[in-house]
Structures are given as structure tokens and as C-alpha cells.
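File shown here: coords-v6.cif, holding mmCIF, C-alpha atoms.
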data_structure
loop_
_atom_site.label_atom_id
_atom_site.label_comp_id
_atom_site.auth_asym_id
_atom_site.auth_seq_id
_atom_site.Cartn_x
_atom_site.Cartn_y
_atom_site.Cartn_z
CA MET J 1 19.34 28.07 24.05
CA ARG J 2 18.91 24.82 22.14
CA ARG J 3 16.18 24.88 19.52
CA TRP J 4 13.30 22.40 19.97
CA HIS J 5 13.95 19.69 17.40
CA THR J 6 10.72 18.17 16.08
CA PRO J 7 12.28 15.11 14.40
CA ARG J 8 13.51 13.80 17.75
CA VAL J 9 10.23 14.48 19.50
CA LEU J 10 7.73 13.00 17.08
CA PRO J 11 8.96 9.94 15.16
CA PHE J 12 6.28 7.79 13.58
CA LEU J 13 5.12 5.76 16.58
CA LYS J 14 4.98 8.77 18.87
CA LEU J 15 3.04 10.64 16.21
CA GLN J 16 0.48 7.83 16.15
CA LEU J 17 0.26 7.91 19.93
CA ALA J 18 -0.40 11.63 19.69
CA TYR J 19 -3.20 11.01 17.19
CA ALA J 20 -4.65 8.29 19.41
CA GLY J 21 -4.63 10.66 22.40
CA LEU J 22 -6.24 13.47 20.42
CA SER J 23 -8.83 11.02 19.13
CA LEU J 24 -9.59 9.94 22.70
CA ALA J 25 -10.07 13.54 23.85
CA LEU J 26 -12.36 14.45 20.94
CA THR J 27 -14.34 11.22 21.23
CA ALA J 28 -14.83 11.76 24.98
CA LEU J 29 -16.09 15.27 24.31
CA VAL J 30 -18.55 14.04 21.65
CA ALA J 31 -19.68 11.18 23.94
CA TRP J 32 -20.31 13.66 26.78
CA GLY J 33 -22.42 15.76 24.40
CA ALA J 34 -24.38 12.67 23.31
CA ARG J 35 -25.27 11.80 26.92
CA LYS J 36 -26.31 15.38 27.64
CA SER J 37 -28.51 15.59 24.55
CA VAL J 38 -30.39 12.36 25.35
CA PRO J 39 -30.46 12.03 29.15
CA GLY J 40 -31.67 8.61 30.25
CA GLY J 41 -30.99 7.09 26.82
CA SER J 42 -29.67 3.57 26.43
CA PRO J 43 -25.91 2.94 26.13
CA LEU J 44 -26.41 1.81 22.53
CA ALA J 45 -28.30 5.01 21.68
CA HIS J 46 -25.52 7.10 23.20
CA ALA J 47 -22.93 5.11 21.25
CA ALA J 48 -24.85 5.64 18.00
CA LEU J 49 -25.04 9.39 18.64
CA THR J 50 -21.34 9.44 19.48
CA LEU J 51 -20.54 7.61 16.25
CA ALA J 52 -22.55 10.15 14.25
CA GLY J 53 -20.88 13.01 16.09
CA VAL J 54 -17.42 11.57 15.51
CA GLY J 55 -18.19 11.20 11.80
CA ALA J 56 -19.31 14.84 11.62
CA THR J 57 -16.21 15.90 13.54
CA GLY J 58 -14.02 13.98 11.10
CA LEU J 59 -15.61 15.75 8.13
CA GLY J 60 -15.11 19.10 9.83
CA LEU J 61 -11.49 18.33 10.62
CA TYR J 62 -10.86 17.31 7.03
CA ALA J 63 -12.37 20.54 5.72
CA VAL J 64 -10.17 22.62 8.03
CA LEU J 65 -6.98 20.63 7.42
CA ASP J 66 -7.53 20.40 3.68
CA ALA J 67 -7.90 24.17 3.43
CA ALA J 68 -4.67 24.61 5.38
CA GLY J 69 -2.38 22.07 3.73
CA ASN J 70 -1.77 18.90 1.78
CA PRO J 71 -5.06 17.10 0.97
CA ILE J 72 -3.51 13.61 1.20
CA ALA J 73 -1.90 14.32 4.58
CA SER J 74 -5.18 15.85 5.75
CA LEU J 75 -7.09 12.76 4.65
CA PHE J 76 -4.83 10.40 6.58
CA MET J 77 -4.86 12.56 9.71
CA VAL J 78 -8.65 12.20 9.72
CA VAL J 79 -8.36 8.47 8.96
CA ALA J 80 -6.15 8.12 12.05
CA PHE J 81 -8.66 10.03 14.19
CA LEU J 82 -11.58 7.89 12.97
CA PHE J 83 -9.67 4.60 13.24
CA TYR J 84 -8.76 5.07 16.89
CA SER J 85 -12.16 6.50 17.75
CA VAL J 86 -14.34 3.89 16.04
CA GLY J 87 -11.95 1.01 16.65
CA PHE J 88 -11.23 1.60 20.32
CA TRP J 89 -12.69 4.63 22.10
CA ILE J 90 -16.38 4.42 21.18
CA PRO J 91 -16.47 0.65 21.89
CA GLY J 92 -14.64 1.29 25.16
CA PHE J 93 -17.18 3.88 26.27
CA LEU J 94 -20.02 1.56 25.24
CA ILE J 95 -18.58 -1.36 27.21
CA ALA J 96 -18.11 0.81 30.31
CA SER J 97 -21.66 2.14 29.97
CA LEU J 98 -23.16 -1.33 29.53
CA LEU J 99 -21.32 -2.67 32.58
CA ALA J 100 -22.33 0.32 34.69
CA THR J 101 -25.98 -0.06 33.64
CA ALA J 102 -25.97 -3.78 34.45
CA GLU J 103 -24.44 -3.14 37.87
CA ARG J 104 -26.89 -0.35 38.63
CA ARG J 105 -29.92 -2.46 37.74
CA GLY J 106 -28.58 -5.52 39.50
CA SER J 107 -30.58 -7.79 37.21
CA ALA J 108 -29.89 -10.25 34.41
CA THR J 109 -28.43 -8.68 31.29
CA SER J 110 -30.92 -8.32 28.44
CA ALA J 111 -30.43 -9.85 25.01
CA ALA J 112 -30.06 -6.38 23.49
CA ALA J 113 -27.34 -5.53 25.98
CA LEU J 114 -25.50 -8.77 25.20
CA VAL J 115 -25.63 -8.03 21.45
CA SER J 116 -24.38 -4.50 22.12
CA LEU J 117 -21.55 -5.87 24.24
CA ALA J 118 -20.58 -8.38 21.52
CA LEU J 119 -20.45 -5.60 18.92
CA ALA J 120 -18.44 -3.39 21.26
CA LEU J 121 -15.91 -6.17 21.83
CA ALA J 122 -15.71 -7.03 18.13
CA ALA J 123 -14.58 -3.54 17.07
CA PRO J 124 -11.29 -3.46 19.02
CA ALA J 125 -10.67 -7.12 18.15
CA VAL J 126 -10.94 -6.30 14.43
CA SER J 127 -8.83 -3.17 14.88
CA LEU J 128 -6.08 -5.09 16.67
CA TYR J 129 -6.18 -7.73 13.91
CA ALA J 130 -5.81 -4.95 11.32
CA LEU J 131 -2.86 -3.48 13.21
CA PHE J 132 -0.89 -6.56 14.19
CA VAL J 133 -2.03 -9.64 12.25
CA GLU J 134 -3.06 -8.84 8.69
CA PRO J 135 -0.01 -6.62 7.93
CA ASN J 136 2.19 -9.65 8.56
CA ARG J 137 0.09 -12.18 6.62
CA LEU J 138 2.32 -12.06 3.55
CA GLN J 139 0.97 -13.84 0.48
CA VAL J 140 2.32 -14.80 -2.93
CA ARG J 141 -0.05 -14.30 -5.85
CA GLU J 142 0.95 -16.26 -8.96
CA GLU J 143 -0.37 -15.38 -12.41
CA VAL J 144 0.26 -16.52 -15.97
CA VAL J 145 0.63 -13.88 -18.69
CA PRO J 146 0.56 -15.07 -22.33
CA ILE J 147 3.08 -13.42 -24.66
CA ALA J 148 2.10 -13.74 -28.31
CA GLY J 149 5.49 -12.59 -29.60
CA TRP J 150 7.38 -15.40 -27.90
CA PRO J 151 7.50 -18.97 -29.24
CA ALA J 152 5.20 -21.48 -27.63
CA GLY J 153 7.04 -24.09 -25.60
CA SER J 154 9.85 -21.78 -24.54
CA PRO J 155 10.54 -21.75 -20.78
CA ALA J 156 8.33 -19.35 -18.87
CA LEU J 157 9.99 -16.13 -17.72
CA ARG J 158 9.41 -15.58 -14.01
CA ILE J 159 9.02 -11.94 -12.92
CA ALA J 160 8.73 -11.07 -9.25
CA HIS J 161 6.63 -7.91 -9.05
CA LEU J 162 7.13 -6.02 -5.78
CA SER J 163 5.75 -2.64 -4.81
CA ASP J 164 5.25 -0.15 -2.00
CA LEU J 165 7.74 -1.23 0.62
CA GLN J 166 6.94 2.04 2.43
CA THR J 167 9.05 1.04 5.38
CA VAL J 168 9.25 2.94 8.66
CA GLY J 169 12.09 0.67 9.82
CA ALA J 170 13.15 -2.93 9.34
CA CYS J 171 10.56 -5.49 10.45
CA GLU J 172 9.89 -9.20 10.29
CA ARG J 173 7.50 -8.82 7.34
CA GLU J 174 10.28 -7.34 5.22
CA ARG J 175 12.71 -10.11 6.21
CA ALA J 176 10.05 -12.70 5.34
CA ALA J 177 9.48 -11.01 1.97
CA LEU J 178 13.17 -11.33 1.09
CA GLU J 179 13.16 -15.00 1.98
CA GLU J 180 10.05 -15.52 -0.15
CA VAL J 181 11.61 -13.81 -3.17
CA ARG J 182 14.69 -16.01 -2.80
CA ARG J 183 12.49 -19.09 -2.66
CA LEU J 184 10.61 -18.04 -5.80
CA ALA J 185 13.92 -17.69 -7.73
CA PRO J 186 12.64 -15.23 -10.35
CA ASP J 187 14.48 -14.38 -13.55
CA LEU J 188 13.76 -10.68 -13.08
CA ILE J 189 12.53 -8.46 -10.24
CA VAL J 190 10.54 -5.30 -10.91
CA PHE J 191 9.82 -2.92 -8.02
CA THR J 192 7.13 -0.36 -8.88
CA GLY J 193 7.97 2.41 -6.44
CA ASP J 194 7.46 3.82 -2.95
CA TYR J 195 10.28 2.70 -0.72
CA VAL J 196 10.10 4.93 2.36
CA ALA J 197 7.05 6.00 4.36
CA GLY J 198 8.41 7.72 7.42
CA PRO J 199 8.66 8.36 10.30
CA PHE J 200 7.07 11.50 9.01
CA PHE J 201 9.51 13.92 10.66
CA ASP J 202 12.64 11.81 10.19
CA THR J 203 13.11 9.46 7.24
CA ARG J 204 16.63 8.29 8.18
CA PRO J 205 15.68 5.00 9.90
CA ALA J 206 13.34 4.19 7.01
CA GLU J 207 16.00 5.06 4.43
CA ALA J 208 18.41 2.62 6.09
CA ALA J 209 15.77 -0.14 6.16
CA ALA J 210 14.80 0.42 2.51
CA HIS J 211 18.46 0.43 1.45
CA ALA J 212 19.11 -2.84 3.29
CA PHE J 213 16.04 -4.47 1.72
CA LEU J 214 16.86 -3.43 -1.85
CA ALA J 215 20.53 -4.36 -1.47
CA GLU J 216 19.52 -8.04 -1.14
CA LEU J 217 17.53 -8.17 -4.40
CA PRO J 218 20.23 -7.97 -7.14
CA ALA J 219 21.88 -11.09 -5.74
CA ILE J 220 18.62 -12.94 -6.48
CA ALA J 221 17.92 -11.56 -9.98
CA PRO J 222 18.42 -8.39 -12.04
CA THR J 223 16.30 -5.76 -10.30
CA ILE J 224 14.46 -2.87 -11.93
CA VAL J 225 13.23 0.04 -9.81
CA VAL J 226 11.02 2.97 -10.76
CA ALA J 227 10.13 6.14 -8.90
CA GLY J 228 7.10 6.36 -6.63
CA HIS J 229 5.29 9.11 -4.76
CA SER J 230 6.24 8.64 -1.13
CA GLU J 231 9.78 10.03 -1.21
CA GLY J 232 11.58 12.74 -3.13
CA PRO J 233 14.52 12.20 -5.49
CA ASP J 234 17.10 13.04 -2.80
CA VAL J 235 15.75 10.38 -0.43
CA ARG J 236 15.45 7.89 -3.27
CA ALA J 237 19.05 8.55 -4.33
CA ARG J 238 20.27 7.78 -0.80
CA VAL J 239 18.17 4.61 -0.69
CA PHE J 240 19.55 3.38 -4.05
CA GLN J 241 23.16 4.48 -3.47
CA GLY J 242 25.74 1.78 -4.03
CA ILE J 243 23.21 -0.92 -5.06
CA ASP J 244 23.40 -2.60 -8.47
CA LEU J 245 19.86 -1.63 -9.50
CA VAL J 246 18.45 -0.83 -12.93
CA GLU J 247 16.74 2.50 -12.27
CA LEU J 248 14.32 3.40 -15.05
CA GLU J 249 12.85 6.88 -14.91
CA ASP J 250 11.48 7.59 -18.38
CA ALA J 251 14.02 5.11 -19.68
CA ALA J 252 14.15 1.61 -21.15
CA ARG J 253 16.36 -1.47 -20.80
CA GLU J 254 16.44 -4.58 -23.00
CA PHE J 255 17.05 -8.13 -21.83
CA ASP J 256 17.59 -11.40 -23.66
CA PHE J 257 16.79 -14.43 -21.52
CA GLY J 258 17.43 -16.89 -24.35
CA GLY J 259 15.03 -19.22 -26.13
CA GLY J 260 13.43 -16.33 -28.00
CA ARG J 261 12.51 -14.57 -24.76
CA LYS J 262 13.55 -11.00 -25.49
CA LEU J 263 12.16 -8.30 -23.26
CA ARG J 264 12.13 -4.54 -23.20
CA VAL J 265 11.18 -2.89 -19.90
CA VAL J 266 10.14 0.77 -19.91
CA GLY J 267 9.99 2.60 -16.59
CA LEU J 268 7.96 5.81 -16.53
CA ASP J 269 7.95 8.83 -14.24
CA PRO J 270 4.94 8.77 -11.86
CA PHE J 271 4.11 12.44 -12.34
CA LYS J 272 4.81 13.30 -15.99
CA PRO J 273 5.45 10.04 -17.86
CA ASP J 274 6.96 10.19 -21.33
CA LEU J 275 4.33 8.15 -23.16
CA ARG J 276 6.38 8.20 -26.34
CA LEU J 277 8.84 5.66 -24.94
CA PRO J 278 6.53 2.59 -25.09
CA ARG J 279 5.78 3.45 -28.73
CA GLU J 280 9.40 3.43 -29.88
CA PRO J 281 10.24 0.71 -32.46
CA ARG J 282 11.62 -2.52 -31.08
CA PRO J 283 12.90 -5.77 -32.60
CA VAL J 284 10.29 -8.30 -33.71
CA GLY J 285 9.61 -10.86 -31.01
CA THR J 286 10.56 -8.52 -28.16
CA ALA J 287 7.91 -8.38 -25.45
CA LEU J 288 7.21 -4.98 -23.94
CA VAL J 289 6.67 -4.46 -20.21
CA VAL J 290 5.87 -1.00 -18.85
CA ALA J 291 6.50 -0.31 -15.15
CA THR J 292 4.90 2.66 -13.40
CA HIS J 293 4.02 3.45 -9.84
CA PRO J 294 0.31 4.35 -10.29
CA PRO J 295 -1.86 2.29 -12.64
CA ASP J 296 -3.84 5.26 -13.98
CA ILE J 297 -2.00 5.63 -17.29
CA THR J 298 -2.87 2.11 -18.42
CA ALA J 299 -5.57 3.38 -20.81
CA SER J 300 -2.93 5.61 -22.47
CA LEU J 301 -0.90 2.51 -23.33
CA GLU J 302 -3.57 1.24 -25.74
CA GLY J 303 -2.14 0.72 -29.21
CA ALA J 304 1.49 1.01 -28.06
CA GLY J 305 2.18 -2.71 -28.40
CA VAL J 306 2.51 -3.18 -24.65
CA ASP J 307 2.22 -6.75 -23.42
CA LEU J 308 2.17 -6.13 -19.69
CA HIS J 309 1.81 -3.06 -17.49
CA LEU J 310 3.09 -3.38 -13.91
CA ALA J 311 1.89 -0.92 -11.26
CA GLY J 312 1.39 -0.53 -7.53
CA HIS J 313 0.43 2.56 -5.51
CA THR J 314 -3.02 1.40 -4.40
CA HIS J 315 -1.79 -1.01 -1.67
CA GLY J 316 -4.87 -2.97 -2.73
CA GLY J 317 -6.73 -0.32 -0.76
CA GLN J 318 -5.23 -1.73 2.49
CA VAL J 319 -8.80 -2.11 3.73
CA SER J 320 -11.19 -4.07 1.52
CA LEU J 321 -14.79 -4.31 2.70
CA PRO J 322 -17.02 -7.27 1.75
CA PHE J 323 -19.40 -6.51 -1.17
CA PHE J 324 -17.88 -3.02 -1.54
CA GLY J 325 -14.17 -3.19 -2.02
CA SER J 326 -11.63 -0.63 -0.94
CA PRO J 327 -12.96 2.77 0.22
CA ILE J 328 -9.63 4.49 -0.54
CA THR J 329 -7.26 3.58 -3.38
CA LEU J 330 -5.86 7.05 -4.25
CA THR J 331 -6.41 6.35 -7.93
CA GLU J 332 -9.00 7.43 -10.45
CA MET J 333 -9.49 3.86 -11.58
CA PRO J 334 -12.54 1.91 -10.30
CA ARG J 335 -12.13 0.06 -7.01
CA ARG J 336 -12.12 -3.34 -8.72
CA TYR J 337 -8.66 -2.53 -10.13
CA ALA J 338 -7.10 -2.03 -6.68
CA ARG J 339 -5.23 -5.33 -6.93
CA GLY J 340 -4.96 -8.23 -9.37
CA LEU J 341 -4.27 -9.11 -13.00
CA PHE J 342 -6.64 -7.61 -15.58
CA ARG J 343 -7.02 -7.61 -19.35
CA MET J 344 -7.11 -3.93 -20.38
CA GLY J 345 -7.93 -3.84 -24.07
CA ASP J 346 -4.78 -4.97 -25.89
CA HIS J 347 -2.53 -5.52 -22.86
CA TRP J 348 -2.43 -6.96 -19.35
CA LEU J 349 -2.32 -4.86 -16.18
CA ASN J 350 -1.01 -6.25 -12.90
CA VAL J 351 -1.60 -4.10 -9.81
CA CYS J 352 0.40 -5.30 -6.83
CA ALA J 353 -1.06 -4.71 -3.36
CA GLY J 354 2.45 -4.11 -2.10
CA LEU J 355 4.47 -5.08 0.94
CA GLY J 356 3.97 -2.10 3.22
CA MET J 357 1.33 0.35 4.27
CA GLU J 358 0.66 4.05 4.15
CA GLY J 359 2.91 5.79 6.63
CA ASN J 360 3.31 9.33 7.85
CA HIS J 361 -0.07 10.30 9.32
CA ALA J 362 -1.97 7.07 8.66
CA PRO J 363 -2.21 4.12 11.04
CA ARG J 364 -0.40 1.16 9.46
CA ILE J 365 -3.30 -1.22 9.04
CA ARG J 366 -4.53 -3.85 6.59
CA LEU J 367 -7.90 -5.58 6.63
CA PHE J 368 -8.99 -8.29 4.18
CA CYS J 369 -6.10 -7.10 2.02
CA PRO J 370 -2.82 -8.77 3.04
CA PRO J 371 0.57 -7.68 1.71
CA GLU J 372 1.66 -9.56 -1.38
CA ILE J 373 4.43 -10.54 -3.73
CA CYS J 374 3.35 -11.23 -7.31
CA LEU J 375 5.05 -13.94 -9.33
CA LEU J 376 4.16 -13.51 -12.99
CA ARG J 377 4.95 -16.32 -15.40
CA LEU J 378 5.32 -14.92 -18.92
CA GLU J 379 4.62 -17.80 -21.32
CA GLY J 380 5.06 -17.70 -25.08
CA THR J 381 2.05 -18.48 -27.22
CA GLY J 382 3.49 -17.66 -30.65
CA PRO J 383 4.49 -20.08 -33.43
CA ALA J 384 7.28 -22.44 -32.38
CA SER J 385 9.05 -21.67 -35.66
CA THR J 386 9.79 -18.15 -34.42
CA ARG J 387 12.08 -19.52 -31.67
CA ALA J 388 15.35 -17.64 -31.67
CA SER J 389 18.63 -19.44 -31.13
CA ASP J 390 20.35 -18.97 -27.76
#
The structure in this file should be written as C-alpha cells.
Amino acid sequence: MRRWHTPRVLPFLKLQLAYAGLSLALTALVAWGARKSVPGGSPLAHAALTLAGVGATGLGLYAVLDAAGNPIASLFMVVAFLFYSVGFWIPGFLIASLLATAERRGSATSAAALVSLALALAAPAVSLYALFVEPNRLQVREEVVPIAGWPAGSPALRIAHLSDLQTVGACERERAALEEVRRLAPDLIVFTGDYVAGPFFDTRPAEAAAHAFLAELPAIAPTIVVAGHSEGPDVRARVFQGIDLVELEDAAREFDFGGGRKLRVVGLDPFKPDLRLPREPRPVGTALVVATHPPDITASLEGAGVDLHLAGHTHGGQVSLPFFGSPITLTEMPRRYARGLFRMGDHWLNVCAGLGMEGNHAPRIRLFCPPEICLLRLEGTGPASTRASD
């Protein structure tokens, strides 16, 4: 008898359909309870009770799942449940209830009912935008980083900072990203980790897509890669196999771009970084760039002579709410550091929002936080007399 093979049954998209179906069943049950608890209540009141019940159900699910397994996976399972429920099922029930009430009364719709209907229609519209529009709204963020150890007037060094491909299979966004990197014509590419995101039960299609994406980069510029969190070393080795990449895992590489623009890049392990490496002696006039997947160690780089710290991991939060920021960044740093260029004491920190999205259990959404490529122009601000000969 042939054994039931989970990887063939539940690839990523089917897993999300399963979560959407489970969310529908639980939301319907909570909505039924809301109507029973307040018989004769308005559709909006029932929807509000359902929303509260769904929130309580989500907290309960997280407590159960967290006790039974991986806390990150548990978190994103609950995120999927809440996304489909709040984004589609609760608004759908509200719309059906409003239409049924209007038909039953056979009178003009009240202003309150019209407002409720507008809100109910807005939720799935925003959710569809987050699923299908924002993830493909690729942006280029350009920043200037002053380098005191390089002579003023030397040509700027252009670094393309990429992060968090987290592919589940080749897509148009990834093809567009490659074309954008070619157009930018950087001198150096630094990719700060996370290459594969699923499908959760079978990473092979994602491995092939990540390999194909990375294989295009060295033809554009020397490409540095560091380890991330989303795949193990075996998967990463298959993704990198046969590609002319500079893989830095607690290691350093020096470059000389001419005109006094000498650069040392240190890539650190995302779990147990060797913080001695950035503090090793280096030639005078050599700028120091540290590349890590998460940004959290940036405070530990104080006093090490670092010029620029490159990191990803946060995805910019993927969802960024007005006046609040990103509810989830999976980092201990404050929300304001989810994406952007920041002065952190004696060095600069650039956090890239990345190209992809959280995979595995999470719905692949972005809202007010589009995917990005960072182009960093490193410009010398030191004395012109320190210019080295080419």
C-alpha cells in the first residue's frame, strides 16, 4: 500500500486554501453564536460580536499551537486565520445580512446601513490589494552613505542591497527585480539572507527559483550572500551550488574598487555571530561593511569601526499601519527600524524591506510596505590628499 505523501498533497497554495477553509468554518461558527446571543440585533452589532469572537478564537488557537510546536509557525497560522476571517468572511456575512435585512424591510436603506455596507466592501478590497497589488509594487530606495575614510571627490561606490527573496516559485516580481538591478548597474551586490520560503512541505520548486534568481546576479556585479533564517544549510547549499557567489558566514572579503575606495565586507552568522571579526585590524582607509540577516546586533557593533551595517529580516513588517507602524517585525528593535537608513551611534544601519514575503503558514501579503531594492551610494568625505593611486 502506497504511503500518503504530504508534500504532494499540501504545497503552499493548497495549504493556504486549507487555512482559508478552516477560517471560514470557524468564522461561521462564531457568527452563528453571535446571532444566537443577541437575537434581533443589527447586522453591524452581529459583525462586531463576530469580530470580537474571532479575535478571542485567534488568541486561543495561538495558545494551543504555541504550546504544541514552533512559536513562529504558530503565530503565522493564526495570522492566516485572522486575515481570511477579517478580510473576507466577516465582511461577507455582514454584506449578506445587510442585503437580507433591506429586502425583508422593503424600505429605503438607512445611512447607517450604507456606512456598514461601505466598510464591509472596503475590507475585501484592501485584502485583495494586499494579496495581489502591493506585493508586485516593487520600489527602489536610494540612499547616500558618507564614508569618512575615503577621499572626497572619489567616484561613489554603488551597492545594491537585496534581502529576503523568500520565493515559493518564480514570479513576475522576481523577474522585474533582476531587470531593475541590471538597470541600476551597481559595483557590488549584497544579499542579506532568506532565499526560500516554501511551499512549506516541499521546498524544491522554491529552491529552483531561488537558484535561478541568484545565478543572474554575478553577471551584473560581484555578489555577496549571507545566511538567513528561512532555510537550513542543506537547502542553502543547493540554492548556491554552481553559482559564483561570495558566501560570507562569519568570514570577511576585501575589495579594492580603485580611487582610494577600499572595502572590507564582513558577513556574520544569523544565530551566533562572531563579533570579533568586525574588530580585526584593517588597512587605513578601508571602509567596513557588516552584513547580517537580522538587524538586532547593530548595537553590538558600536566601537568596532563599522561604517555601514546591512540587514534585512523584517520585510519592513510587510504590513505598516498609519500612525502605528508594523505590528510584526520579528525583531527586538523598535518598529521604527523596520525599514530605512538610520544613524546608529558611530555607524549607519540600512534595513531592507526585501523582495518577498513570509511563506510557509503565512498569507503572502504586503500593505503600505512594498517590496524594495536599496541602492546605497557610498561617498568619500575624507581629505582629498588621502586618495590612493589606482
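Using all atoms listed in the file, the nearest neighbour of J:Gly305 within the list J:Cys369, J:Ser230, J:Ala148, J:Gly259 is J:Ala148.
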Find the nearest atom pair between each residue of stretch 83-153 of chain J and stretch 13-37 of chain J for residues within 10 Å, count only C-alpha atoms, give distances in Å to one decimal, sort rows by chain and ascending number, and present the table as JSON lines.
{"residue": "J:Phe83", "atom": "CA", "partner": "J:Ser23", "partner_atom": "CA", "distance": 8.8}
{"residue": "J:Tyr84", "atom": "CA", "partner": "J:Ala20", "partner_atom": "CA", "distance": 5.8}
{"residue": "J:Ser85", "atom": "CA", "partner": "J:Ser23", "partner_atom": "CA", "distance": 5.8}
{"residue": "J:Val86", "atom": "CA", "partner": "J:Thr27", "partner_atom": "CA", "distance": 9.0}
{"residue": "J:Phe88", "atom": "CA", "partner": "J:Leu24", "partner_atom": "CA", "distance": 8.8}
{"residue": "J:Trp89", "atom": "CA", "partner": "J:Leu24", "partner_atom": "CA", "distance": 6.2}
{"residue": "J:Ile90", "atom": "CA", "partner": "J:Thr27", "partner_atom": "CA", "distance": 7.1}
{"residue": "J:Phe93", "atom": "CA", "partner": "J:Ala31", "partner_atom": "CA", "distance": 8.1}
{"residue": "J:Leu94", "atom": "CA", "partner": "J:Ala31", "partner_atom": "CA", "distance": 9.7}
Go ahead and dump the residues you just picked, C-alpha atoms, as a tab-separated table (two decimals), keeping the file's coordinate frame.
chain	number	residue	atom	x	y	z
J	83	PHE	CA	-9.67	4.60	13.24
J	84	TYR	CA	-8.76	5.07	16.89
J	85	SER	CA	-12.16	6.50	17.75
J	86	VAL	CA	-14.34	3.89	16.04
J	88	PHE	CA	-11.23	1.60	20.32
J	89	TRP	CA	-12.69	4.63	22.10
J	90	ILE	CA	-16.38	4.42	21.18
J	93	PHE	CA	-17.18	3.88	26.27
J	94	LEU	CA	-20.02	1.56	25.24
Notebook entry, point to check: Restricting the calculation to only C-alpha atoms, which member of J:Leu330, J:Glu249, J:Ala152, J:Val168 is positioned closest to J:Ala384?
Noted result: J:Ala152
Next item on the list: Tell me which protein, DNA and RNA residues are within 9 Å of J:Phe191, counting only C-alpha atoms, leaving out same-chain ones fewer than 2 positions away, and put them as a PyMOL selection string.
Entry: chain J and resi 160-164+189+193-194+223-226+291+293+310-312
Applying the PyMOL selection byres ((chain J and resi 358-366) around 7) to the file I just gave you, which residues come out? Please list them as an mmCIF file with C-alpha atoms, keeping the file's coordinate frame.
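Saved to part_35.cif:
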data_model
loop_
_atom_site.group_PDB
_atom_site.id
_atom_site.type_symbol
_atom_site.label_atom_id
_atom_site.label_comp_id
_atom_site.auth_asym_id
_atom_site.auth_seq_id
_atom_site.Cartn_x
_atom_site.Cartn_y
_atom_site.Cartn_z
ATOM 1 C CA PHE J 12 6.280 7.790 13.580
ATOM 2 C CA GLN J 16 0.480 7.830 16.150
ATOM 3 C CA ALA J 73 -1.900 14.320 4.580
ATOM 4 C CA PHE J 76 -4.830 10.400 6.580
ATOM 5 C CA MET J 77 -4.860 12.560 9.710
ATOM 6 C CA VAL J 79 -8.360 8.470 8.960
ATOM 7 C CA ALA J 80 -6.150 8.120 12.050
ATOM 8 C CA ALA J 130 -5.810 -4.950 11.320
ATOM 9 C CA LEU J 131 -2.860 -3.480 13.210
ATOM 10 C CA GLU J 134 -3.060 -8.840 8.690
ATOM 11 C CA PRO J 135 -0.010 -6.620 7.930
ATOM 12 C CA GLN J 166 6.940 2.040 2.430
ATOM 13 C CA ALA J 197 7.050 6.000 4.360
ATOM 14 C CA GLY J 198 8.410 7.720 7.420
ATOM 15 C CA PRO J 199 8.660 8.360 10.300
ATOM 16 C CA PHE J 200 7.070 11.500 9.010
ATOM 17 C CA GLN J 318 -5.230 -1.730 2.490
ATOM 18 C CA VAL J 319 -8.800 -2.110 3.730
ATOM 19 C CA MET J 357 1.330 0.350 4.270
ATOM 20 C CA LEU J 367 -7.900 -5.580 6.630
ATOM 21 C CA PHE J 368 -8.990 -8.290 4.180
ATOM 22 C CA CYS J 369 -6.100 -7.100 2.020
ATOM 23 C CA PRO J 370 -2.820 -8.770 3.040
#
Item checked: Evaluate the PyMOL selection byres ((chain J and resi 352) around 12) and report residues as a PyMOL selection string -> chain J and resi 139-143+160-165+190-193+291-295+309-318+337-342+349-351+353-356+369-376
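A straight line drawn from atom CA of J:Val265 to atom CA of J:Leu308 is 9.6 Å long.
Computed from the coordinates, the atom CA of J:Arg276 to atom CA of J:Arg253 distance equals 15.0 Å.
The space separating atom CA of J:Glu172 from atom CA of J:Arg158 comes to 25.1 Å.
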Next item on the list: Skip J:Phe257 itself and residues of its chain fewer than 6 positions away, then list as a PyMOL selection string all residues within 10 Å of it, counting all atoms listed in the file.
Entry: chain J and resi 155+157+187-188+263+390
Next item on the list: Starting from the shown file, work through the PyMOL selection byres ((chain J and resi 206-213) around 8) and note down what comes out as a VMD selection string.
Entry: chain J and resid 165 167 to 170 174 to 175 178 195 to 199 203 to 205 214 to 217 235 238 to 241
Note to self: Just want the 12 Å neighbourhood of J:Leu119, counted on all atoms listed in the file, with same-chain residues fewer than 2 positions away dropped. Output as a PyMOL selection string.
What the structure shows: chain J and resi 44+47+86-88+90-92+94-95+98+112-117+121-126
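Taking only C-alpha atoms into account, J:Ala156 lies nearest to J:Gly380 out of the set J:Gly55, J:Gly380, J:Gly345, J:Pro71.
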